[in-house]
Amino acid sequence: MTVTPHPDEARPGDGLVKAGGVVFIVGAVATLVTMAPLFLGTDPFPSYAWAVCMLMGVGFAVSAAGVLRSVAAQRRAARASQAA
């Protein structure tokens, strides 16, 4: 018997995917803002502003960890249902 989770119920990894998405968006906006002076011909931002751009990669990694956690939980549930 397969138990389907309720659509409103939080599953393992959902929080990581959402948090990673937010961090990724912050990094993407920072990248756009940091790149703008290069095209507008104004003074570039200091190096710490460029470091904030790295949040795009961090957000992607956090989201990927959430997806892997969700996959692992689904595999455990599938094995448990086969064993029962």
# chains A, B, ... in the order shown; residues from 1 in each chain; ligands from 1

call {"tool": "residues_around", "arguments": {"residues": "Phe60 in chain A", "least_positions_apart": "2", "cutoff": "9 Å", "atoms": "only C-alpha atoms", "output": "mmCIF file with N, CA and C atoms, in the first residue's frame"}}
result
data_model
loop_
_atom_site.group_PDB
_atom_site.id
_atom_site.type_symbol
_atom_site.label_atom_id
_atom_site.label_comp_id
_atom_site.auth_asym_id
_atom_site.auth_seq_id
_atom_site.Cartn_x
_atom_site.Cartn_y
_atom_site.Cartn_z
ATOM 1 N N VAL A 17 15.041 23.598 -0.423
ATOM 2 C CA VAL A 17 14.812 24.059 -1.792
ATOM 3 C C VAL A 17 14.304 25.498 -1.790
ATOM 4 N N GLY A 20 17.171 27.796 -0.653
ATOM 5 C CA GLY A 20 18.142 27.899 -1.734
ATOM 6 C C GLY A 20 17.656 28.792 -2.858
ATOM 7 N N GLY A 21 16.376 28.729 -3.147
ATOM 8 C CA GLY A 21 15.804 29.604 -4.173
ATOM 9 C C GLY A 21 15.903 31.067 -3.799
ATOM 10 N N VAL A 23 18.101 32.408 -1.676
ATOM 11 C CA VAL A 23 19.513 32.792 -1.704
ATOM 12 C C VAL A 23 19.981 32.968 -3.151
ATOM 13 N N PHE A 24 19.525 32.105 -4.044
ATOM 14 C CA PHE A 24 19.889 32.220 -5.451
ATOM 15 C C PHE A 24 19.387 33.533 -6.041
ATOM 16 N N LEU A 55 26.514 34.201 -3.951
ATOM 17 C CA LEU A 55 25.327 33.602 -3.339
ATOM 18 C C LEU A 55 24.499 32.834 -4.364
ATOM 19 N N MET A 56 24.658 33.155 -5.644
ATOM 20 C CA MET A 56 23.946 32.377 -6.658
ATOM 21 C C MET A 56 24.380 30.918 -6.601
ATOM 22 N N GLY A 57 25.658 30.681 -6.540
ATOM 23 C CA GLY A 57 26.160 29.317 -6.464
ATOM 24 C C GLY A 57 25.797 28.641 -5.160
ATOM 25 N N VAL A 58 25.849 29.405 -4.079
ATOM 26 C CA VAL A 58 25.485 28.847 -2.770
ATOM 27 C C VAL A 58 24.007 28.449 -2.764
ATOM 28 N N VAL A 62 22.454 24.730 -2.128
ATOM 29 C CA VAL A 62 21.485 24.453 -1.062
ATOM 30 C C VAL A 62 20.231 23.809 -1.653
ATOM 31 N N SER A 63 19.770 24.317 -2.786
ATOM 32 C CA SER A 63 18.600 23.715 -3.431
ATOM 33 C C SER A 63 18.885 22.294 -3.881
ATOM 34 N N ALA A 64 20.065 22.069 -4.419
ATOM 35 C CA ALA A 64 20.434 20.718 -4.840
ATOM 36 C C ALA A 64 20.471 19.770 -3.645
ATOM 37 N N ALA A 65 20.956 20.240 -2.511
ATOM 38 C CA ALA A 65 20.965 19.418 -1.299
ATOM 39 C C ALA A 65 19.539 19.080 -0.877
#

call {"tool": "residues_around", "arguments": {"residues": "range 29-33 of chain A", "least_positions_apart": "5", "cutoff": "10 Å", "atoms": "only C-alpha atoms", "output": "mmCIF file with N, CA and C atoms, in the first residue's frame"}}
result
data_model
loop_
_atom_site.group_PDB
_atom_site.id
_atom_site.type_symbol
_atom_site.label_atom_id
_atom_site.label_comp_id
_atom_site.auth_asym_id
_atom_site.auth_seq_id
_atom_site.Cartn_x
_atom_site.Cartn_y
_atom_site.Cartn_z
ATOM 1 N N PHE A 24 19.525 32.105 -4.044
ATOM 2 C CA PHE A 24 19.889 32.220 -5.451
ATOM 3 C C PHE A 24 19.387 33.533 -6.041
ATOM 4 N N LEU A 38 29.506 48.408 -15.090
ATOM 5 C CA LEU A 38 30.382 48.082 -16.211
ATOM 6 C C LEU A 38 29.772 48.516 -17.538
ATOM 7 N N PHE A 45 31.728 48.644 -8.304
ATOM 8 C CA PHE A 45 31.528 48.424 -6.875
ATOM 9 C C PHE A 45 32.780 47.796 -6.270
ATOM 10 N N ALA A 49 31.170 43.550 -2.860
ATOM 11 C CA ALA A 49 29.922 43.458 -3.622
ATOM 12 C C ALA A 49 29.987 42.288 -4.600
ATOM 13 N N TRP A 50 31.162 42.048 -5.151
ATOM 14 C CA TRP A 50 31.324 40.906 -6.046
ATOM 15 C C TRP A 50 31.197 39.595 -5.268
ATOM 16 N N ALA A 51 31.616 39.595 -4.021
ATOM 17 C CA ALA A 51 31.509 38.385 -3.201
ATOM 18 C C ALA A 51 30.048 38.006 -2.961
ATOM 19 N N VAL A 52 29.165 38.996 -2.888
ATOM 20 C CA VAL A 52 27.738 38.713 -2.697
ATOM 21 C C VAL A 52 27.177 37.973 -3.905
ATOM 22 N N CYS A 53 27.779 38.182 -5.061
ATOM 23 C CA CYS A 53 27.331 37.484 -6.273
ATOM 24 C C CYS A 53 27.500 35.974 -6.134
ATOM 25 N N MET A 54 28.416 35.550 -5.296
ATOM 26 C CA MET A 54 28.649 34.118 -5.111
ATOM 27 C C MET A 54 27.460 33.430 -4.446
ATOM 28 N N LEU A 55 26.514 34.201 -3.951
ATOM 29 C CA LEU A 55 25.327 33.602 -3.339
ATOM 30 C C LEU A 55 24.499 32.834 -4.364
ATOM 31 N N MET A 56 24.658 33.155 -5.644
ATOM 32 C CA MET A 56 23.946 32.377 -6.658
ATOM 33 C C MET A 56 24.380 30.918 -6.601
#

call {"tool": "closest_residue", "arguments": {"among": "A:Pro37, A:Pro12, A:Lys18, A:Ser81", "to": "Ala61 in chain A", "atoms": "only C-alpha atoms"}}
result
A:Lys18

call {"tool": "residues_around", "arguments": {"residues": "Gly66 in chain A", "least_positions_apart": "5", "cutoff": "7 Å", "atoms": "only C-alpha atoms", "output": "compact mmCIF listing (two decimals) with C-alpha atoms, in the first residue's frame"}}
result
# COMPACT_ATOMS: atom_id res chain seq x y z
CA GLY A 13 14.04 18.84 1.66
CA ASP A 14 11.27 21.33 0.86
CA LEU A 16 16.15 23.62 1.73
CA VAL A 17 14.81 24.06 -1.79

call {"tool": "select_by_dssp", "arguments": {"residues": "chain A", "states": "helix (DSSP H, G or I)", "output": "number ranges by chain"}}
result
A: 14-40, 47-52, 55-83
